[in-house]
Amino acid sequence: MKNRRAIAFFLFWSVVFASAIALLTVSDRSGGEPSGGSLMSVDVRAVVKIDIDRRTGTGGSRENVSIVRQDGRWRIESPMKAEADEEAVKRLIDSVVFAEKGESLSDADMAGLGRSPRDFGLAAPRCTVTVATERSSDTFFVGRATAAGDEVYVSRAGRGGLFTVSSGMADELTRPLVEFRRRRLFTFNPSDVMGLGLKDAGEPLTRLAKSDGQWRIADPVDAPADRQMVEEIIGILCSAQVVDYVADAGSGHGLGDGEGFSIALRDTFGAVEKVVFGVPDGTNSVWAMTPEGAVVHVGRDILEQCRVRQKTLEDTRIFPVDASLVTSISVSEGFPAYVISRSGASAPWSMASPVGALADAKVVDILLSRMLSLRSADLVPEKSEGSVLVSVGTSVTNFSARHVSALALTQDLRFADMLGKTLVRCCKERIRRIFVKPAAGEGWNASLSDDALALLDEGVAAERVETVVLRPDDFDRYGFGRHAYTISFELNDDATSLKRMLIGSVAPDGGRYAMIGGLDVAFVLSASTVSRLTKPVEALMEKK
């Protein structure tokens with residue numbers, strides 16, 4: 001008899017639980033939460049607050065975590081006031097808002113099974129979470145895990161029934177509070193930093209400021225700062241992460257007044273964040289005090305890379321200026337002097353001397369980079385063999401010309417290479433005629449050639465500049481006195497109605513020397529470029 005009662009009892013409850021499982025697949029019965037879809041239909045960018053009331057430990061104690069967005073930044077308001085980690089908060093909000101609802105069970109379903117929210121851990125939920133925007137809020141209760149363990153039971157305040165979501169949401173809601181605290185040592189972005197202060201115990205303050213894109217040391221001396229070094233330090237600081245927070249740091253860590261190594265950053269709006277680095281903690285970390293006064297561990301290498309003296313930060317370059325501010329450069333090894341200028345950072349470079357024409361921007365930028373890297377060790381006496389006289393200017397300053405070793409500048413380039421290599425360029429709509437005249441015989445209208453027109457559209461570009469400022473005997477040397485071809489580019493443009501090019505003798509590499517009217521320069525055109533311009537003439541002469 002007892003066995004039959006036990007079997008009947010087992011069968012009864014088996015049917016009950018089987019019915020519950022089946023009912024969980026039914027959506028929106030008797031007012032229950034429908035299955036499927038995201039937990040909330042809200043723009044995560046509109047969320048301004050998230051409150052979590054949760055159990056802590058096994059003693060039944062509870063903790064209220066309140067995280068609020070203020071002035072575009074997240075802060076922990078409870079159980080302490082502290083900066084929050086932006087990424088951790090965004091991950092938390094995403095886990096709630098985008099949680100996918102699984103199977104659901106309505107109040108009627110539970111009543112039919114003789115079940116209540118208590119059976120699903122929702123009478124005393126382990127978490128109550130409220131997500132608020134400026135206009136509305138939603139509250140959810142998180143109960144126990146399902147039998148499979150990969151989901152948890154959830155109900156929504158003000159609505160009946162329950163549903164399941166991934167247990168990942170519960171994992172985010174129950175993370176230790178320290179994981180929501182800010183992990184970045186400084187919150188500024190490197191590009192926003194306009195001031196840097198360094199102070200070692202017993203040493204004077206080194207203060208640097210940025211103005212018009214340039215860094216200068218303001219204290220204890222007034223001097224240009226090494227921009228690359230300063231920006232490397234700022235980059236290290238702005239990417240530095242807190243290793244861990246120390247709940248009870250005690251004393252003796254070098255963080256008191258007048259102790260340790262202090263670093264302060266100032267941003268565009270004048271906000272200041274200061275960190276004090278203390279002594280090593282016996283591992284690869286050092287003690288530090290964050291801008292909000294929390295004691296933390298940070299990587300020891302951060303302190304080692306940033307603990308520099310004022311002298312180290314001084315810019316010892318001959319021309320301590322950023323390339324973007326330079327509007328003119330001058331270089332000479334005697335005659336001629338090469339002067340390149342531009343009207344602004346985005347304007348093209350032009351050669352002003354020894355000839356007037358557009359410059360080759362790539363070559364100018366290479367030379368400028370080398371000039372701005374020159375230091376006192378590169379200076380040489382005025383009349384030294386192999387010396388070069390160099391200078392740069394900005395819109396407000398012209399630096400004094402200095403003699404430096406040519407080896408520091410001229411490796412793999414010549415000053416003549418700064419001249420632009422494009423002799424002529426125009427679209428076919430502007431071409432009236434391209435008249436090619438050989439040394440002997442009749443000329444040819446090359447504008448009838450699609451190949452010649454395409455070349456003009458691309459730009460007739462030289463392979464190199466042979467020489468600048470032609471001397472009388474250069475005309476015979478390059479074949480311009482008895483030139484092979486004269487090419488006239490007649491344009492539908494009153495300002496530049498005619499451009500004339502002379503094709504001279506064959507260069508050693510197989511190309512031909514060329515010059516364009518108005519420029520006292522010998523270029524070298526490739527054989528293929530010359531052929532594209534003169535082939536129609538050659539074809540006509542062959543026919544005759």
# chains A, B, ... in the order shown; residues from 1 in each chain; ligands from 1
$ select_by_dssp --residues "stretch 232-470 of chain A" --states "helix (DSSP H, G or I)" --output "JSON, numbers by chain"
{"A": [232, 233, 234, 235, 236, 237, 238, 239, 300, 301, 302, 303, 304, 305, 306, 310, 311, 312, 313, 323, 324, 325, 361, 362, 363, 364, 365, 366, 367, 368, 369, 370, 371, 372, 376, 377, 378, 406, 407, 408, 415, 416, 417, 418, 428, 429, 430, 446, 447, 448, 450, 451, 452, 453, 454, 455, 456, 457, 458]}
$ residues_around --residues "A:Met515" --least-positions-apart "2" --cutoff "9 Å" --atoms "only C-alpha atoms" --output "PyMOL selection string"
chain A and resi 423+480+500-504+513+517-524
$ write_last_selection --atoms "N, CA and C atoms" --output "PDB file, in the first residue's frame"
ATOM      1  N   LEU A 423      55.654  69.096 -66.143  1.00  0.00           N
ATOM      2  CA  LEU A 423      55.958  70.216 -67.033  1.00  0.00           C
ATOM      3  C   LEU A 423      54.687  70.904 -67.515  1.00  0.00           C
ATOM      4  N   PHE A 480      69.496  71.610 -76.612  1.00  0.00           N
ATOM      5  CA  PHE A 480      68.431  72.586 -76.806  1.00  0.00           C
ATOM      6  C   PHE A 480      68.768  73.587 -77.917  1.00  0.00           C
ATOM      7  N   ARG A 500      55.361  76.217 -74.568  1.00  0.00           N
ATOM      8  CA  ARG A 500      56.241  75.610 -75.566  1.00  0.00           C
ATOM      9  C   ARG A 500      57.292  74.756 -74.860  1.00  0.00           C
ATOM     10  N   MET A 501      57.467  73.536 -75.378  1.00  0.00           N
ATOM     11  CA  MET A 501      58.425  72.597 -74.822  1.00  0.00           C
ATOM     12  C   MET A 501      59.472  72.264 -75.885  1.00  0.00           C
ATOM     13  N   LEU A 502      60.729  72.225 -75.451  1.00  0.00           N
ATOM     14  CA  LEU A 502      61.813  71.806 -76.332  1.00  0.00           C
ATOM     15  C   LEU A 502      62.279  70.422 -75.912  1.00  0.00           C
ATOM     16  N   ILE A 503      62.361  69.513 -76.882  1.00  0.00           N
ATOM     17  CA  ILE A 503      62.895  68.173 -76.644  1.00  0.00           C
ATOM     18  C   ILE A 503      64.314  68.147 -77.200  1.00  0.00           C
ATOM     19  N   GLY A 504      65.307  67.910 -76.327  1.00  0.00           N
ATOM     20  CA  GLY A 504      66.694  67.966 -76.728  1.00  0.00           C
ATOM     21  C   GLY A 504      67.281  66.610 -77.069  1.00  0.00           C
ATOM     22  N   TYR A 513      66.375  64.954 -72.828  1.00  0.00           N
ATOM     23  CA  TYR A 513      66.341  66.203 -72.076  1.00  0.00           C
ATOM     24  C   TYR A 513      65.201  67.062 -72.620  1.00  0.00           C
ATOM     25  N   GLY A 517      58.985  76.349 -71.613  1.00  0.00           N
ATOM     26  CA  GLY A 517      59.128  77.797 -71.648  1.00  0.00           C
ATOM     27  C   GLY A 517      58.808  78.440 -70.314  1.00  0.00           C
ATOM     28  N   GLY A 518      59.635  79.393 -69.909  1.00  0.00           N
ATOM     29  CA  GLY A 518      59.410  80.105 -68.654  1.00  0.00           C
ATOM     30  C   GLY A 518      60.209  79.548 -67.500  1.00  0.00           C
ATOM     31  N   LEU A 519      60.799  78.354 -67.656  1.00  0.00           N
ATOM     32  CA  LEU A 519      61.612  77.758 -66.604  1.00  0.00           C
ATOM     33  C   LEU A 519      63.020  77.502 -67.122  1.00  0.00           C
ATOM     34  N   ASP A 520      63.978  78.015 -66.420  1.00  0.00           N
ATOM     35  CA  ASP A 520      65.381  77.852 -66.799  1.00  0.00           C
ATOM     36  C   ASP A 520      65.907  76.554 -66.184  1.00  0.00           C
ATOM     37  N   VAL A 521      65.293  75.441 -66.600  1.00  0.00           N
ATOM     38  CA  VAL A 521      65.549  74.141 -65.980  1.00  0.00           C
ATOM     39  C   VAL A 521      65.643  73.079 -67.065  1.00  0.00           C
ATOM     40  N   ALA A 522      66.561  72.118 -66.876  1.00  0.00           N
ATOM     41  CA  ALA A 522      66.644  70.957 -67.765  1.00  0.00           C
ATOM     42  C   ALA A 522      66.043  69.754 -67.043  1.00  0.00           C
ATOM     43  N   PHE A 523      65.011  69.172 -67.655  1.00  0.00           N
ATOM     44  CA  PHE A 523      64.370  67.961 -67.138  1.00  0.00           C
ATOM     45  C   PHE A 523      64.806  66.774 -67.994  1.00  0.00           C
ATOM     46  N   VAL A 524      64.503  65.568 -67.507  1.00  0.00           N
ATOM     47  CA  VAL A 524      64.676  64.366 -68.311  1.00  0.00           C
ATOM     48  C   VAL A 524      63.332  63.660 -68.409  1.00  0.00           C
TER      49      VAL A 524
END
$ residues_around --residues "A:Ser488" --least-positions-apart "4" --cutoff "10 Å" --atoms "only C-alpha atoms" --output "MDAnalysis selection string"
chainID A and resid 433:437 445:446 498:502 516:517
$ closest_atom_pairs --of "stretch 160-271 of chain A" --to "stretch 92-105 of chain A" --cutoff "9 Å" --atoms "only C-alpha atoms" --output "JSON lines"
{"residue": "A:Gly161", "atom": "CA", "partner": "A:Leu105", "partner_atom": "CA", "distance": 5.5}
{"residue": "A:Leu162", "atom": "CA", "partner": "A:Leu105", "partner_atom": "CA", "distance": 5.4}
{"residue": "A:Phe163", "atom": "CA", "partner": "A:Ser104", "partner_atom": "CA", "distance": 4.0}
{"residue": "A:Thr164", "atom": "CA", "partner": "A:Gly102", "partner_atom": "CA", "distance": 4.9}
{"residue": "A:Val165", "atom": "CA", "partner": "A:Lys101", "partner_atom": "CA", "distance": 5.1}
{"residue": "A:Ser166", "atom": "CA", "partner": "A:Ala99", "partner_atom": "CA", "distance": 7.0}
{"residue": "A:Gly168", "atom": "CA", "partner": "A:Ser95", "partner_atom": "CA", "distance": 7.4}
{"residue": "A:Met169", "atom": "CA", "partner": "A:Ser95", "partner_atom": "CA", "distance": 5.3}
{"residue": "A:Ala170", "atom": "CA", "partner": "A:Ser95", "partner_atom": "CA", "distance": 8.8}
{"residue": "A:Glu172", "atom": "CA", "partner": "A:Leu92", "partner_atom": "CA", "distance": 5.8}
{"residue": "A:Leu173", "atom": "CA", "partner": "A:Leu92", "partner_atom": "CA", "distance": 7.0}
$ write_last_selection --atoms "N, CA and C atoms" --output "tab-separated table (two decimals), in the first residue's frame"
chain	number	residue	atom	x	y	z
A	161	GLY	N	3.05	37.38	-14.42
A	161	GLY	CA	3.81	36.33	-15.07
A	161	GLY	C	5.31	36.49	-14.91
A	162	LEU	N	6.01	35.60	-15.59
A	162	LEU	CA	7.47	35.62	-15.56
A	162	LEU	C	8.00	35.09	-16.88
A	163	PHE	N	9.30	35.21	-17.08
A	163	PHE	CA	9.93	34.70	-18.31
A	163	PHE	C	11.39	34.41	-17.98
A	164	THR	N	12.09	33.87	-18.91
A	164	THR	CA	13.50	33.56	-18.69
A	164	THR	C	14.38	34.44	-19.59
A	165	VAL	N	15.59	34.71	-19.12
A	165	VAL	CA	16.61	35.38	-19.92
A	165	VAL	C	17.93	34.66	-19.66
A	166	SER	N	18.91	34.94	-20.48
A	166	SER	CA	20.23	34.33	-20.31
A	166	SER	C	20.82	34.68	-18.95
A	168	GLY	N	23.68	35.30	-18.36
A	168	GLY	CA	24.71	36.33	-18.52
A	168	GLY	C	24.28	37.66	-17.95
A	169	MET	N	22.96	37.98	-18.02
A	169	MET	CA	22.48	39.23	-17.46
A	169	MET	C	22.66	39.24	-15.95
A	170	ALA	N	22.35	38.13	-15.30
A	170	ALA	CA	22.52	38.04	-13.85
A	170	ALA	C	23.99	38.15	-13.47
A	172	GLU	N	26.25	39.93	-14.99
A	172	GLU	CA	26.62	41.34	-15.05
A	172	GLU	C	26.08	42.10	-13.84
A	173	LEU	N	24.86	41.77	-13.43
A	173	LEU	CA	24.23	42.48	-12.32
A	173	LEU	C	24.88	42.17	-10.98
$ residues_around --residues "A:Lys81" --least-positions-apart "5" --cutoff "10 Å" --atoms "only C-alpha atoms" --output "number ranges by chain"
A: 66-67, 75-76, 181, 292
$ atom_distance --atom1 "atom CA of A:Arg184" --atom2 "atom CA of A:Gly202"
28.0 Å
$ select_by_dssp --residues "stretch 26-172 of chain A" --states "strand (DSSP E)" --output "PyMOL selection string"
chain A and resi 47-55+62-70+73-78+82-83+104-105+127-133+137-145+151-156+162-166
$ closest_residue --among "A:Ala46, A:Ala223, A:Leu265, A:Leu453" --to "A:Cys238" --atoms "only C-alpha atoms"
A:Leu265
$ residues_around --residues "A:Arg300" --least-positions-apart "3" --cutoff "8 Å" --atoms "only C-alpha atoms" --output "PDB file with N, CA and C atoms, in the first residue's frame"
ATOM      1  N   PRO A 280      57.107  51.276  -4.837  1.00  0.00           N
ATOM      2  CA  PRO A 280      56.722  49.950  -5.350  1.00  0.00           C
ATOM      3  C   PRO A 280      56.078  49.111  -4.267  1.00  0.00           C
ATOM      4  N   ASN A 284      55.411  44.102  -9.626  1.00  0.00           N
ATOM      5  CA  ASN A 284      55.641  44.996 -10.768  1.00  0.00           C
ATOM      6  C   ASN A 284      54.728  46.214 -10.737  1.00  0.00           C
ATOM      7  N   SER A 285      54.133  46.483  -9.595  1.00  0.00           N
ATOM      8  CA  SER A 285      53.224  47.615  -9.446  1.00  0.00           C
ATOM      9  C   SER A 285      53.776  48.607  -8.439  1.00  0.00           C
ATOM     10  N   VAL A 286      53.228  49.823  -8.477  1.00  0.00           N
ATOM     11  CA  VAL A 286      53.522  50.839  -7.471  1.00  0.00           C
ATOM     12  C   VAL A 286      52.202  51.324  -6.900  1.00  0.00           C
ATOM     13  N   LEU A 303      55.395  54.616 -14.110  1.00  0.00           N
ATOM     14  CA  LEU A 303      56.180  55.583 -13.355  1.00  0.00           C
ATOM     15  C   LEU A 303      57.574  55.729 -13.949  1.00  0.00           C
ATOM     16  N   GLU A 304      58.192  54.635 -14.342  1.00  0.00           N
ATOM     17  CA  GLU A 304      59.556  54.677 -14.873  1.00  0.00           C
ATOM     18  C   GLU A 304      59.623  55.459 -16.182  1.00  0.00           C
TER      19      GLU A 304
END
$ residues_around --residues "stretch 49-61 of chain A" --least-positions-apart "4" --cutoff "10 Å" --atoms "only C-alpha atoms" --output "ChimeraX atom specification"
/A:65-70,74-78,89,92-93,124-134,137-142,173-174,176
$ closest_residue --among "A:Ala408, A:Pro472, A:Arg482, A:Pro79" --to "A:Ala440" --atoms "only C-alpha atoms"
A:Arg482
$ closest_atom_pairs --of "stretch 310-334 of chain A" --to "stretch 228-236 of chain A" --cutoff "10 Å" --atoms "only C-alpha atoms" --output "tab-separated table"
residue	atom	partner	partner_atom	distance
A:Thr312	CA	A:Met229	CA	8.9
A:Leu313	CA	A:Met229	CA	6.8
A:Glu314	CA	A:Met229	CA	9.3
A:Asp315	CA	A:Met229	CA	9.1
$ write_last_selection --atoms "N, CA and C atoms" --output "mmCIF file, in the first residue's frame"
data_model
loop_
_atom_site.group_PDB
_atom_site.id
_atom_site.type_symbol
_atom_site.label_atom_id
_atom_site.label_comp_id
_atom_site.auth_asym_id
_atom_site.auth_seq_id
_atom_site.Cartn_x
_atom_site.Cartn_y
_atom_site.Cartn_z
ATOM 1 N N THR A 312 65.426 67.059 -19.557
ATOM 2 C CA THR A 312 65.152 65.999 -20.543
ATOM 3 C C THR A 312 64.039 66.392 -21.488
ATOM 4 N N LEU A 313 63.113 67.224 -21.014
ATOM 5 C CA LEU A 313 61.954 67.599 -21.817
ATOM 6 C C LEU A 313 62.221 68.779 -22.748
ATOM 7 N N GLU A 314 63.348 69.445 -22.591
ATOM 8 C CA GLU A 314 63.637 70.595 -23.439
ATOM 9 C C GLU A 314 63.883 70.157 -24.880
ATOM 10 N N ASP A 315 63.391 70.954 -25.798
ATOM 11 C CA ASP A 315 63.581 70.690 -27.221
ATOM 12 C C ASP A 315 64.937 71.254 -27.634
#
